[in-house]
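Beneath this line is the structure, given in C-alpha cells, with notes to follow.
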Amino acid sequence: MIVLFTDFGPGGPYLGQLKAVLLDAAPGRPIVDLLDDAPAHDPMSAAYLLAALAGEFPAGTVFLAVVDPGVGGSRRPAVAEIDGRWFVGPDNGLFEPLLRRAQHARCWEIVWRPERLSASFHGRDLFAPVAARIATGEHPWDKPHWHEQPWAEPRPLELLRRPDWPDELARIVYIDRFGNAMTGMRAASLAEDAVFEVAGRRLARARTFGSVPPGTALWYENSSGLAEIAVNQGRADRALGLAVGSPVILR
Amino acid sequence: MIVLFTDFGPGGPYLGQLKAVLLDAAPGRPIVDLLDDAPAHDPMSAAYLLAALAGEFPAGTVFLAVVDPGVGGSRRPAVAEIDGRWFVGPDNGLFEPLLRRAQHARCWEIVWRPERLSASFHGRDLFAPVAARIATGEHPWDKPHWHEQPWAEPRPLELLRRPDWPDELARIVYIDRFGNAMTGMRAASLAEDAVFEVAGRRLARARTFGSVPPGTALWYENSSGLAEIAVNQGRADRALGLAVGSPVILR
Amino acid sequence: MIVLFTDFGPGGPYLGQLKAVLLDAAPGRPIVDLLDDAPAHDPMSAAYLLAALAGEFPAGTVFLAVVDPGVGGSRRPAVAEIDGRWFVGPDNGLFEPLLRRAQHARCWEIVWRPERLSASFHGRDLFAPVAARIATGEHPWDKPHWHEQPWAEPRPLELLRRPDWPDELARIVYIDRFGNAMTGMRAASLAEDAVFEVAGRRLARARTFGSVPPGTALWYENSSGLAEIAVNQGRADRALGLAVGSPVILR
C-alpha cells in the first residue's frame, strides 16, 4: 500500500500527476490519499500529524510525504525505514516525531536523479518514482539493472533529526471540516486533569463531545490519539479563533 | 463495489483512514467515493439524497453510509439488504427513504465490536470492517471462523424506520459546485405544472437550464431524478439565498 | 489508464457516479483524477491546461474530458486519437491546442446513444461508457456485438478545431491552492527576457520562487511547462488580483 500525505490540495492537478507516476511504475499497488491538505509549507506541524496517523498502517506500507517548501533548494531527498514502514520525502523534519518514538530506524539519502527533474515538483519527478520502487519490492541497497550504483546511500539518522523539536507539539496542527482543532500532543502523554488554555479560555478534558453541554468547549482524545479541541454542536475554530499554528498553553 | 457516502470531507484524514481499512480487509474490491460532503450532521437530508443516488448501482454493491452525529451515544450500528444492495451505517434514519420504496428488505444490528473502538470514529473502526466483510462475500448470518457467534443479529425493520418522515422531502438537501440546489423530492412524484415557492419567488418546471432566458430561476429533473433548482447561467444558491435545509413550498 | 479531467468538483456526487460507470464497464482499469476543478464552464481555458498536462501520460491513455456547458444542446460528442492517446468529450474546443500541436490525429463523432440519457449529465451517461469501451480495447471502428453499426462515425478533424484560437493563451487558466496562477502559455514559447504585465505590474522571469526576494512577484516555467505567475512566500492571486480568465499582457 502506498499512502499519500501532502499539502497539494484538494483541487489541482498535482495529486493526479503524482498518482499517474505511481500507477505506471507500481501497477496494481493500492494507493490511499491519507491527507491532501496537510499544513501547507509547515513541515513541523505536518510531522506531528503524520506521526499520529502512521501507526494505523501495516508493516510494509510506503508513505510518500510531500510537505516540501524547500523544493528546488539545498534540502536533500531521503528514505527512512521506521519500525517496518517506509517513508519517502524531504529531510526537513517531517519524520522527526516518528524517529523519536521508533524502536528501529535507518535512513538513506536519495542520490538518483531522474532525466526530467522540474524545479518545483519533486513529488512527481523524484519522490513518487522512489516510492513506487520500494512498493514493488526494490530496496535502497539494491542496484537497479539500469544503473551501476544503488539509487540511495546510507546516511546517519542525524540527516533527518531535529533534536530541538519537542516530544509533543503544543499547537494546532490541523482543523477539520467540522471546525475541530487537532493539537500536536498525544492525549496519552497528558495528565487526565490537564487543562488547556487557548485564546484566554481554559478547557478541561472530556471523553466525547456529548459529555459536555451544547456550546461548551472541551479537549478530548481523538480517534488518532491526539488531543483535540472541540465545541459540542459548534465549531471550535470559530468559537476560539483557532488556526493551524495557534499555540496551546498547558495549565 | 464498495461505495462511500459520508460527511467527512473533502480534506482531512478520515476518508483515507477508512479506505485503508477497506483495502486491507477487502483487497482488490473497487472503492468509489460517491459523496464526501453529504449534509453534515443531518441524516434526514442525507437520507433522501442517498436514496436518489443508490438506484444507479448494481446489485451486490455495498454502501458504507456515515452521517453519524450520534456516534459514541446510544444509536445502534446496522446492516440492511434492500433490493439486492447492502447498506452499512447507523440506525438514525439514513435508510428510511430506501426502505419506504423497497420491494424486499431485511436488517440486522451489528453486535460485533472491534478491539479498538474509538469514541468518535465508528466509520473506520466498526462500519468499514463490516462493509469489507460483506464485500468479500461474508453475510450477517455467517459465523466468522474467529468467533462463535455471527457478528450481527436479525432485527425487525422497525429498527431503521422513521414512519413520521415524508415520502418526499420538500427542502434543499444538497448544493453543488455550480450553485444548483437539489431538493429531497423526486421529480417523477410531482405534477408537470408544479410550482415551487422559495425565498418568496415562484419557479416553474423546465426541461433544462437552456430552455429559460439567462438569469431565470427554474426547477427541473436532475440526472439522479430529483427536483433541482437552478438559474440559467447563474448560481441558484446566491440568487435565491438557498442553503441545505431551506424549505421549498409546493404551490 | 483512464484519466478524468472535469469541472465537477471537489465535492458532489458527479465524479463518483462517473467512476462507478467506469469501474463497472472497464473493471480493473486504473482511474486517475487528474483535475476535478478545471475552469468551470470555460472550455477555452480548460483546453490549454489539458494540453499542458496530457503530454506526461503514456500512449494508450484514455482522457475523459468533461467541461461541457453546452450539455443538452446541439454540441456533438466526440472521440479523438491524438499522438497515440485517446480523448473523449464534447466538440467545444477542448482538444484544439492538442490538435494544433499534434503529429497525427483523427476524430469521430459518437453516434451511439444510451437507453438512459439525462439532459444534464452526458459525462456519466454517454462519455464514460465510451471511454470505458476504448480502455478495454474496443475502437470507434469496431461493431459491438450488441449493435449492427459502429458506435462512432469518422469525421474530418474540423469538427473539433477552433482555427481562431491562439497558439498560446495569454490569460490565467488555473489558480492552485497556494495562489499560484497558471497561464495558457508554454514557457518554451516565450523569450527568456519576456516581461508579463498583469494588474499594472511588470513581472520578470525567474527560475524558481526562491531566486527572488520574499514578497516579489515573478513568472517561471512550472512543472507542466506552462508560464506561471507566483509571489515568493506569498499568494499571487491576492497580491495581483488574479482570477481564472484574467488577461496577461506580454511586453
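Ordering of the C-alpha cells sets the chain letters (A, B, ...); residue numbers start at 1 within each chain; ligands are numbered from 1 in the order shown.
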Select residues of chain A: the criterion is any atom within 12 Å of an atom of chain C, counting only C-alpha atoms; output as a PDB file with N, CA, C and O atoms, in the first residue's frame.
ATOM      1  N   ASP A   7       0.540  18.397   0.993  1.00  0.00           N
ATOM      2  CA  ASP A   7      -0.179  19.663   1.163  1.00  0.00           C
ATOM      3  C   ASP A   7      -0.635  20.214  -0.196  1.00  0.00           C
ATOM      4  O   ASP A   7      -0.777  21.413  -0.363  1.00  0.00           O
ATOM      5  N   PHE A   8      -0.938  19.301  -1.133  1.00  0.00           N
ATOM      6  CA  PHE A   8      -1.222  19.710  -2.519  1.00  0.00           C
ATOM      7  C   PHE A   8      -2.630  20.239  -2.740  1.00  0.00           C
ATOM      8  O   PHE A   8      -2.874  20.973  -3.685  1.00  0.00           O
ATOM      9  N   GLY A   9      -3.594  19.795  -1.989  1.00  0.00           N
ATOM     10  CA  GLY A   9      -4.941  20.060  -2.442  1.00  0.00           C
ATOM     11  C   GLY A   9      -5.899  20.253  -1.314  1.00  0.00           C
ATOM     12  O   GLY A   9      -5.467  20.662  -0.267  1.00  0.00           O
ATOM     13  N   PRO A  10      -7.181  19.967  -1.493  1.00  0.00           N
ATOM     14  CA  PRO A  10      -7.863  19.379  -2.639  1.00  0.00           C
ATOM     15  C   PRO A  10      -7.910  20.335  -3.826  1.00  0.00           C
ATOM     16  O   PRO A  10      -7.683  21.536  -3.662  1.00  0.00           O
ATOM     17  N   GLY A  11      -8.220  19.785  -4.971  1.00  0.00           N
ATOM     18  CA  GLY A  11      -8.181  20.569  -6.180  1.00  0.00           C
ATOM     19  C   GLY A  11      -6.791  20.547  -6.783  1.00  0.00           C
ATOM     20  O   GLY A  11      -5.801  20.226  -6.115  1.00  0.00           O
ATOM     21  N   GLY A  12      -6.731  20.890  -8.052  1.00  0.00           N
ATOM     22  CA  GLY A  12      -5.446  20.974  -8.722  1.00  0.00           C
ATOM     23  C   GLY A  12      -4.973  19.647  -9.280  1.00  0.00           C
ATOM     24  O   GLY A  12      -5.449  18.593  -8.888  1.00  0.00           O
ATOM     25  N   PRO A  13      -4.018  19.707 -10.208  1.00  0.00           N
ATOM     26  CA  PRO A  13      -3.576  18.506 -10.913  1.00  0.00           C
ATOM     27  C   PRO A  13      -2.469  17.735 -10.210  1.00  0.00           C
ATOM     28  O   PRO A  13      -2.125  16.640 -10.640  1.00  0.00           O
ATOM     29  N   TYR A  14      -1.907  18.265  -9.124  1.00  0.00           N
ATOM     30  CA  TYR A  14      -0.655  17.702  -8.598  1.00  0.00           C
ATOM     31  C   TYR A  14      -0.812  16.272  -8.101  1.00  0.00           C
ATOM     32  O   TYR A  14       0.009  15.407  -8.372  1.00  0.00           O
ATOM     33  N   LEU A  15      -1.883  16.024  -7.357  1.00  0.00           N
ATOM     34  CA  LEU A  15      -2.071  14.688  -6.805  1.00  0.00           C
ATOM     35  C   LEU A  15      -2.296  13.674  -7.928  1.00  0.00           C
ATOM     36  O   LEU A  15      -1.779  12.552  -7.886  1.00  0.00           O
ATOM     37  N   GLY A  16      -3.069  14.061  -8.932  1.00  0.00           N
ATOM     38  CA  GLY A  16      -3.310  13.161 -10.049  1.00  0.00           C
ATOM     39  C   GLY A  16      -2.045  12.889 -10.844  1.00  0.00           C
ATOM     40  O   GLY A  16      -1.810  11.754 -11.287  1.00  0.00           O
ATOM     41  N   GLN A  17      -1.213  13.905 -11.014  1.00  0.00           N
ATOM     42  CA  GLN A  17       0.040  13.699 -11.741  1.00  0.00           C
ATOM     43  C   GLN A  17       0.942  12.725 -10.994  1.00  0.00           C
ATOM     44  O   GLN A  17       1.573  11.851 -11.585  1.00  0.00           O
ATOM     45  N   LEU A  18       0.969  12.886  -9.674  1.00  0.00           N
ATOM     46  CA  LEU A  18       1.776  12.004  -8.842  1.00  0.00           C
ATOM     47  C   LEU A  18       1.238  10.565  -8.882  1.00  0.00           C
ATOM     48  O   LEU A  18       1.996   9.600  -8.997  1.00  0.00           O
ATOM     49  N   LYS A  19      -0.084  10.416  -8.834  1.00  0.00           N
ATOM     50  CA  LYS A  19      -0.664   9.072  -8.868  1.00  0.00           C
ATOM     51  C   LYS A  19      -0.423   8.391 -10.206  1.00  0.00           C
ATOM     52  O   LYS A  19      -0.252   7.172 -10.267  1.00  0.00           O
ATOM     53  N   ALA A  20      -0.446   9.163 -11.288  1.00  0.00           N
ATOM     54  CA  ALA A  20      -0.201   8.573 -12.603  1.00  0.00           C
ATOM     55  C   ALA A  20       1.189   7.950 -12.643  1.00  0.00           C
ATOM     56  O   ALA A  20       1.387   6.861 -13.197  1.00  0.00           O
ATOM     57  N   VAL A  21       2.170   8.613 -12.031  1.00  0.00           N
ATOM     58  CA  VAL A  21       3.528   8.045 -11.962  1.00  0.00           C
ATOM     59  C   VAL A  21       3.514   6.740 -11.168  1.00  0.00           C
ATOM     60  O   VAL A  21       4.097   5.728 -11.583  1.00  0.00           O
ATOM     61  N   LEU A  22       2.815   6.743 -10.033  1.00  0.00           N
ATOM     62  CA  LEU A  22       2.772   5.540  -9.193  1.00  0.00           C
ATOM     63  C   LEU A  22       2.084   4.381  -9.913  1.00  0.00           C
ATOM     64  O   LEU A  22       2.551   3.240  -9.870  1.00  0.00           O
ATOM     65  N   LEU A  23       0.962   4.663 -10.568  1.00  0.00           N
ATOM     66  CA  LEU A  23       0.217   3.605 -11.260  1.00  0.00           C
ATOM     67  C   LEU A  23       1.023   3.015 -12.407  1.00  0.00           C
ATOM     68  O   LEU A  23       0.920   1.830 -12.710  1.00  0.00           O
ATOM     69  N   ASP A  24       1.843   3.853 -13.035  1.00  0.00           N
ATOM     70  CA  ASP A  24       2.653   3.387 -14.147  1.00  0.00           C
ATOM     71  C   ASP A  24       3.835   2.560 -13.646  1.00  0.00           C
ATOM     72  O   ASP A  24       4.170   1.534 -14.225  1.00  0.00           O
ATOM     73  N   ALA A  25       4.432   2.983 -12.540  1.00  0.00           N
ATOM     74  CA  ALA A  25       5.668   2.341 -12.077  1.00  0.00           C
ATOM     75  C   ALA A  25       5.417   1.230 -11.065  1.00  0.00           C
ATOM     76  O   ALA A  25       6.277   0.376 -10.857  1.00  0.00           O
ATOM     77  N   ALA A  26       4.251   1.237 -10.431  1.00  0.00           N
ATOM     78  CA  ALA A  26       3.929   0.186  -9.453  1.00  0.00           C
ATOM     79  C   ALA A  26       2.500  -0.286  -9.695  1.00  0.00           C
ATOM     80  O   ALA A  26       1.641  -0.150  -8.827  1.00  0.00           O
ATOM     81  N   PRO A  27       2.251  -0.862 -10.881  1.00  0.00           N
ATOM     82  CA  PRO A  27       0.873  -1.215 -11.233  1.00  0.00           C
ATOM     83  C   PRO A  27       0.269  -2.197 -10.237  1.00  0.00           C
ATOM     84  O   PRO A  27       0.944  -3.114  -9.759  1.00  0.00           O
ATOM     85  N   GLY A  28      -0.994  -1.996  -9.924  1.00  0.00           N
ATOM     86  CA  GLY A  28      -1.696  -2.910  -9.037  1.00  0.00           C
ATOM     87  C   GLY A  28      -1.515  -2.637  -7.561  1.00  0.00           C
ATOM     88  O   GLY A  28      -2.201  -3.223  -6.741  1.00  0.00           O
ATOM     89  N   ARG A  29      -0.571  -1.770  -7.212  1.00  0.00           N
ATOM     90  CA  ARG A  29      -0.413  -1.440  -5.790  1.00  0.00           C
ATOM     91  C   ARG A  29      -1.469  -0.423  -5.393  1.00  0.00           C
ATOM     92  O   ARG A  29      -1.558   0.645  -6.000  1.00  0.00           O
ATOM     93  N   PRO A  30      -2.258  -0.708  -4.349  1.00  0.00           N
ATOM     94  CA  PRO A  30      -3.272   0.267  -3.946  1.00  0.00           C
ATOM     95  C   PRO A  30      -2.649   1.559  -3.420  1.00  0.00           C
ATOM     96  O   PRO A  30      -1.593   1.547  -2.797  1.00  0.00           O
ATOM     97  N   ILE A  31      -3.320   2.658  -3.750  1.00  0.00           N
ATOM     98  CA  ILE A  31      -2.876   3.993  -3.334  1.00  0.00           C
ATOM     99  C   ILE A  31      -3.958   4.581  -2.445  1.00  0.00           C
ATOM    100  O   ILE A  31      -5.137   4.547  -2.796  1.00  0.00           O
ATOM    101  N   ASP A  33      -5.112   8.088  -0.521  1.00  0.00           N
ATOM    102  CA  ASP A  33      -4.956   9.516  -0.204  1.00  0.00           C
ATOM    103  C   ASP A  33      -5.215   9.694   1.275  1.00  0.00           C
ATOM    104  O   ASP A  33      -6.365   9.849   1.683  1.00  0.00           O
ATOM    105  N   ASP A  36      -4.537  15.295   1.885  1.00  0.00           N
ATOM    106  CA  ASP A  36      -4.062  16.166   0.810  1.00  0.00           C
ATOM    107  C   ASP A  36      -4.057  17.626   1.253  1.00  0.00           C
ATOM    108  O   ASP A  36      -3.667  18.490   0.481  1.00  0.00           O
ATOM    109  N   ASP A  37      -4.482  17.887   2.474  1.00  0.00           N
ATOM    110  CA  ASP A  37      -4.423  19.264   2.972  1.00  0.00           C
ATOM    111  C   ASP A  37      -3.637  19.334   4.275  1.00  0.00           C
ATOM    112  O   ASP A  37      -4.038  19.997   5.229  1.00  0.00           O
ATOM    113  N   ALA A  38      -2.476  18.658   4.273  1.00  0.00           N
ATOM    114  CA  ALA A  38      -1.540  18.810   5.388  1.00  0.00           C
ATOM    115  C   ALA A  38      -1.169  20.291   5.515  1.00  0.00           C
ATOM    116  O   ALA A  38      -1.293  21.047   4.553  1.00  0.00           O
ATOM    117  N   PRO A  39      -0.739  20.717   6.709  1.00  0.00           N
ATOM    118  CA  PRO A  39      -0.400  22.133   6.900  1.00  0.00           C
ATOM    119  C   PRO A  39       0.567  22.614   5.811  1.00  0.00           C
ATOM    120  O   PRO A  39       1.680  22.113   5.699  1.00  0.00           O
ATOM    121  N   ALA A  40       0.116  23.576   5.003  1.00  0.00           N
ATOM    122  CA  ALA A  40       0.886  23.988   3.828  1.00  0.00           C
ATOM    123  C   ALA A  40       2.204  24.655   4.236  1.00  0.00           C
ATOM    124  O   ALA A  40       2.224  25.536   5.091  1.00  0.00           O
ATOM    125  N   HIS A  41       3.292  24.223   3.606  1.00  0.00           N
ATOM    126  CA  HIS A  41       4.607  24.815   3.836  1.00  0.00           C
ATOM    127  C   HIS A  41       5.006  24.765   5.309  1.00  0.00           C
ATOM    128  O   HIS A  41       5.776  25.621   5.764  1.00  0.00           O
ATOM    129  N   PRO A  69       8.447  22.886   1.393  1.00  0.00           N
ATOM    130  CA  PRO A  69       8.658  24.278   0.973  1.00  0.00           C
ATOM    131  C   PRO A  69      10.066  24.536   0.448  1.00  0.00           C
ATOM    132  O   PRO A  69      10.278  25.501  -0.279  1.00  0.00           O
ATOM    133  N   GLY A  70      11.017  23.660   0.768  1.00  0.00           N
ATOM    134  CA  GLY A  70      12.396  23.869   0.315  1.00  0.00           C
ATOM    135  C   GLY A  70      12.694  23.255  -1.036  1.00  0.00           C
ATOM    136  O   GLY A  70      13.852  23.226  -1.459  1.00  0.00           O
ATOM    137  N   VAL A  71      11.653  22.792  -1.749  1.00  0.00           N
ATOM    138  CA  VAL A  71      11.892  22.160  -3.050  1.00  0.00           C
ATOM    139  C   VAL A  71      12.684  23.093  -3.969  1.00  0.00           C
ATOM    140  O   VAL A  71      12.409  24.294  -4.019  1.00  0.00           O
ATOM    141  N   GLY A  72      13.652  22.541  -4.644  1.00  0.00           N
ATOM    142  CA  GLY A  72      14.470  23.335  -5.549  1.00  0.00           C
ATOM    143  C   GLY A  72      15.660  23.973  -4.849  1.00  0.00           C
ATOM    144  O   GLY A  72      16.540  24.527  -5.497  1.00  0.00           O
ATOM    145  N   GLY A  73      15.711  23.905  -3.504  1.00  0.00           N
ATOM    146  CA  GLY A  73      16.842  24.445  -2.751  1.00  0.00           C
ATOM    147  C   GLY A  73      17.812  23.344  -2.366  1.00  0.00           C
ATOM    148  O   GLY A  73      17.949  22.350  -3.079  1.00  0.00           O
ATOM    149  N   SER A  74      18.451  23.496  -1.187  1.00  0.00           N
ATOM    150  CA  SER A  74      19.537  22.579  -0.832  1.00  0.00           C
ATOM    151  C   SER A  74      19.088  21.400   0.031  1.00  0.00           C
ATOM    152  O   SER A  74      19.907  20.562   0.390  1.00  0.00           O
ATOM    153  N   ARG A 116      14.176  14.000 -16.159  1.00  0.00           N
ATOM    154  CA  ARG A 116      13.463  15.258 -16.062  1.00  0.00           C
ATOM    155  C   ARG A 116      13.203  15.548 -14.585  1.00  0.00           C
ATOM    156  O   ARG A 116      12.469  14.823 -13.937  1.00  0.00           O
ATOM    157  N   LEU A 117      13.828  16.590 -14.060  1.00  0.00           N
ATOM    158  CA  LEU A 117      13.587  16.974 -12.669  1.00  0.00           C
ATOM    159  C   LEU A 117      13.173  18.437 -12.664  1.00  0.00           C
ATOM    160  O   LEU A 117      14.000  19.330 -12.821  1.00  0.00           O
ATOM    161  N   SER A 118      11.859  18.675 -12.521  1.00  0.00           N
ATOM    162  CA  SER A 118      11.389  20.055 -12.503  1.00  0.00           C
ATOM    163  C   SER A 118      11.900  20.737 -11.239  1.00  0.00           C
ATOM    164  O   SER A 118      12.229  20.083 -10.249  1.00  0.00           O
ATOM    165  N   ALA A 119      11.955  22.060 -11.264  1.00  0.00           N
ATOM    166  CA  ALA A 119      12.433  22.794 -10.094  1.00  0.00           C
ATOM    167  C   ALA A 119      11.422  22.764  -8.958  1.00  0.00           C
ATOM    168  O   ALA A 119      11.785  22.851  -7.791  1.00  0.00           O
ATOM    169  N   SER A 120      10.132  22.627  -9.276  1.00  0.00           N
ATOM    170  CA  SER A 120       9.119  22.819  -8.253  1.00  0.00           C
ATOM    171  C   SER A 120       8.303  21.588  -7.895  1.00  0.00           C
ATOM    172  O   SER A 120       7.471  21.644  -6.996  1.00  0.00           O
ATOM    173  N   PHE A 121       8.527  20.443  -8.547  1.00  0.00           N
ATOM    174  CA  PHE A 121       7.640  19.309  -8.294  1.00  0.00           C
ATOM    175  C   PHE A 121       8.429  17.998  -8.154  1.00  0.00           C
ATOM    176  O   PHE A 121       8.294  17.083  -8.964  1.00  0.00           O
ATOM    177  N   HIS A 122       9.240  17.940  -7.084  1.00  0.00           N
ATOM    178  CA  HIS A 122       9.990  16.716  -6.827  1.00  0.00           C
ATOM    179  C   HIS A 122       9.072  15.581  -6.381  1.00  0.00           C
ATOM    180  O   HIS A 122       9.443  14.420  -6.481  1.00  0.00           O
ATOM    181  N   GLY A 123       7.879  15.917  -5.885  1.00  0.00           N
ATOM    182  CA  GLY A 123       6.925  14.867  -5.524  1.00  0.00           C
ATOM    183  C   GLY A 123       6.651  13.939  -6.689  1.00  0.00           C
ATOM    184  O   GLY A 123       6.712  12.713  -6.563  1.00  0.00           O
ATOM    185  N   ARG A 124       6.371  14.525  -7.841  1.00  0.00           N
ATOM    186  CA  ARG A 124       6.097  13.737  -9.045  1.00  0.00           C
ATOM    187  C   ARG A 124       7.367  13.146  -9.651  1.00  0.00           C
ATOM    188  O   ARG A 124       7.380  11.983 -10.065  1.00  0.00           O
ATOM    189  N   ASP A 125       8.436  13.960  -9.714  1.00  0.00           N
ATOM    190  CA  ASP A 125       9.593  13.594 -10.530  1.00  0.00           C
ATOM    191  C   ASP A 125      10.601  12.722  -9.793  1.00  0.00           C
ATOM    192  O   ASP A 125      11.297  11.924 -10.408  1.00  0.00           O
TER     193      ASP A 125
END
I'd like the contact shell of region 77-92 of chain B - 7 Å cut-off, only C-alpha atoms, skipping same-chain residues fewer than 3 positions apart - returned as a short mmCIF file (atom, residue, chain, number, x, y, z; two decimals) with N, CA and C atoms, in the first residue's frame.
data_model
loop_
_atom_site.label_atom_id
_atom_site.label_comp_id
_atom_site.auth_asym_id
_atom_site.auth_seq_id
_atom_site.Cartn_x
_atom_site.Cartn_y
_atom_site.Cartn_z
N PRO B 43 -28.81 13.56 9.09
CA PRO B 43 -29.16 12.27 8.47
C PRO B 43 -30.43 12.35 7.63
N ALA B 59 -26.74 -4.60 -8.30
CA ALA B 59 -27.00 -5.48 -7.16
C ALA B 59 -25.66 -5.95 -6.60
N GLY B 60 -25.61 -6.11 -5.29
CA GLY B 60 -24.38 -6.55 -4.64
C GLY B 60 -23.50 -5.42 -4.16
N THR B 61 -23.77 -4.20 -4.64
CA THR B 61 -22.99 -3.05 -4.17
C THR B 61 -23.15 -2.90 -2.66
N VAL B 62 -22.06 -2.58 -1.99
CA VAL B 62 -22.08 -2.34 -0.54
C VAL B 62 -21.91 -0.85 -0.29
N PHE B 63 -22.92 -0.23 0.28
CA PHE B 63 -22.84 1.19 0.63
C PHE B 63 -22.41 1.34 2.08
N LEU B 64 -21.36 2.13 2.27
CA LEU B 64 -20.89 2.47 3.61
C LEU B 64 -21.32 3.92 3.83
N ALA B 65 -22.37 4.09 4.65
CA ALA B 65 -23.01 5.41 4.77
C ALA B 65 -22.77 5.94 6.18
N VAL B 66 -21.96 7.00 6.27
CA VAL B 66 -21.61 7.51 7.58
C VAL B 66 -21.94 9.00 7.68
N ASP B 68 -23.31 10.60 10.92
CA ASP B 68 -23.45 9.90 12.20
C ASP B 68 -23.25 10.82 13.39
N LEU B 99 -35.98 2.24 2.34
CA LEU B 99 -36.86 1.19 2.83
C LEU B 99 -38.30 1.43 2.40
N ALA B 102 -38.80 0.23 -1.08
CA ALA B 102 -38.21 -1.08 -1.39
C ALA B 102 -39.25 -2.14 -1.68
N GLN B 103 -38.86 -3.12 -2.50
CA GLN B 103 -39.65 -4.33 -2.70
C GLN B 103 -39.34 -5.35 -1.60
N HIS B 104 -38.05 -5.55 -1.37
CA HIS B 104 -37.61 -6.54 -0.39
C HIS B 104 -36.53 -5.93 0.49
N ALA B 105 -36.66 -6.10 1.80
CA ALA B 105 -35.64 -5.56 2.69
C ALA B 105 -35.59 -6.38 3.97
N ARG B 106 -34.41 -6.44 4.55
CA ARG B 106 -34.28 -7.02 5.88
C ARG B 106 -33.11 -6.33 6.56
N CYS B 107 -33.06 -6.43 7.89
CA CYS B 107 -31.99 -5.72 8.58
C CYS B 107 -31.46 -6.47 9.78
N TRP B 108 -30.25 -6.09 10.14
CA TRP B 108 -29.55 -6.68 11.28
C TRP B 108 -28.94 -5.55 12.12
N GLU B 109 -28.79 -5.82 13.40
CA GLU B 109 -27.97 -4.94 14.24
C GLU B 109 -26.57 -5.54 14.33
N ILE B 110 -25.57 -4.69 14.18
CA ILE B 110 -24.18 -5.18 14.28
C ILE B 110 -23.86 -5.33 15.77
N PHE B 127 -17.87 0.33 11.14
CA PHE B 127 -18.63 0.18 9.90
C PHE B 127 -17.75 -0.32 8.74
N ALA B 131 -18.42 -3.52 6.37
CA ALA B 131 -18.62 -3.37 4.92
C ALA B 131 -17.62 -4.24 4.15
N LEU B 159 -36.31 -1.14 13.40
CA LEU B 159 -35.06 -0.56 13.92
C LEU B 159 -34.63 0.64 13.09
N LEU B 160 -34.83 0.53 11.77
CA LEU B 160 -34.30 1.55 10.86
C LEU B 160 -35.36 2.54 10.38
#
Next item on the list: Once DSSP has gone over the backbone, tell me which residues of region 205-237 of chain C are in strand (DSSP E or B), as a list in words.
Entry: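 So the strand (DSSP E or B) residues in region 205-237 of chain C would be Arg205, Ala217, Leu218, Trp219, Tyr220, Glu221, Leu226, Ala227, Glu228, Ile229, Ala230, Val231 and Gly234 of chain C.
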Margin query: Can you tell me which residues surround Leu190 (chain A) at a distance of at most 10 Å, considering only C-alpha atoms, apart from same-chain residues fewer than 4 positions away, and format the answer as a list in words?
Written below: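 Here the answer would be Glu168, Met185, Arg186, Ala194, Val195, Ala227 and Leu250 of chain A.
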Note to self: Give me the residues near Asp167 (chain B) as a ChimeraX atom specification, where near means some atom within 9 Å (using only C-alpha atoms) and where sequence neighbours in that chain fewer than 6 positions away do not count.
What the structure shows: /B:97,100-101,185
Next item on the list: Identify, with DSSP run on backbone atoms, the residues in region 28-153 of chain A assigned to alpha helix (DSSP H), and express the list as a list in words.
Entry: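 Residues meeting the alpha helix (DSSP H) criterion: Pro43, Met44, Ser45, Ala46, Ala47, Tyr48, Leu49, Leu50, Ala51, Ala52, Leu53, Ala54, Glu96, Pro97, Leu98, Leu99, Arg100, His122, Ala128, Pro129, Val130, Ala131, Ala132, Arg133, Ile134 and Ala135 of chain A.
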Notebook entry, point to check: How many Å separate CA of Met44 (chain B) from CA of Arg162 (chain B)?
Noted result: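 A separation of 9.7 Å between them.
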Margin query: Env of Asn180 (chain B): 9 Å cut, atoms = only C-alpha atoms, seq-sep filter 6 positions within chain, self excluded. Answer as a PyMOL selection string.
Written below: chain B and resi 174+228-231+234-237
Based on the selection just made, write N, CA, C and O atoms of those residues as an mmCIF file, in the first residue's frame.
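File produced: part-v1.cif:
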data_model
loop_
_atom_site.group_PDB
_atom_site.id
_atom_site.type_symbol
_atom_site.label_atom_id
_atom_site.label_comp_id
_atom_site.auth_asym_id
_atom_site.auth_seq_id
_atom_site.Cartn_x
_atom_site.Cartn_y
_atom_site.Cartn_z
ATOM 1 N N TYR B 174 -28.900 19.360 -0.972
ATOM 2 C CA TYR B 174 -27.516 19.458 -1.443
ATOM 3 C C TYR B 174 -27.386 20.646 -2.379
ATOM 4 O O TYR B 174 -28.277 20.904 -3.189
ATOM 5 N N GLU B 228 -34.565 19.774 -8.902
ATOM 6 C CA GLU B 228 -33.414 20.614 -8.579
ATOM 7 C C GLU B 228 -33.690 22.038 -9.029
ATOM 8 O O GLU B 228 -34.287 22.257 -10.086
ATOM 9 N N ILE B 229 -33.263 22.986 -8.220
ATOM 10 C CA ILE B 229 -33.484 24.400 -8.517
ATOM 11 C C ILE B 229 -32.205 24.987 -9.092
ATOM 12 O O ILE B 229 -31.121 24.795 -8.532
ATOM 13 N N ALA B 230 -32.330 25.707 -10.203
ATOM 14 C CA ALA B 230 -31.156 26.265 -10.864
ATOM 15 C C ALA B 230 -31.493 27.624 -11.449
ATOM 16 O O ALA B 230 -32.671 27.997 -11.552
ATOM 17 N N VAL B 231 -30.452 28.350 -11.815
ATOM 18 C CA VAL B 231 -30.604 29.617 -12.539
ATOM 19 C C VAL B 231 -29.763 29.492 -13.797
ATOM 20 O O VAL B 231 -28.578 29.151 -13.712
ATOM 21 N N GLY B 234 -26.362 31.142 -13.955
ATOM 22 C CA GLY B 234 -26.172 31.798 -12.662
ATOM 23 C C GLY B 234 -26.107 30.776 -11.549
ATOM 24 O O GLY B 234 -26.089 29.574 -11.806
ATOM 25 N N ARG B 235 -26.031 31.266 -10.313
ATOM 26 C CA ARG B 235 -25.988 30.392 -9.139
ATOM 27 C C ARG B 235 -27.307 30.528 -8.394
ATOM 28 O O ARG B 235 -27.609 31.586 -7.831
ATOM 29 N N ALA B 236 -28.054 29.425 -8.318
ATOM 30 C CA ALA B 236 -29.342 29.465 -7.630
ATOM 31 C C ALA B 236 -29.163 29.720 -6.133
ATOM 32 O O ALA B 236 -29.988 30.393 -5.507
ATOM 33 N N ASP B 237 -28.085 29.184 -5.550
ATOM 34 C CA ASP B 237 -27.939 29.345 -4.100
ATOM 35 C C ASP B 237 -27.837 30.825 -3.731
ATOM 36 O O ASP B 237 -28.477 31.285 -2.790
#
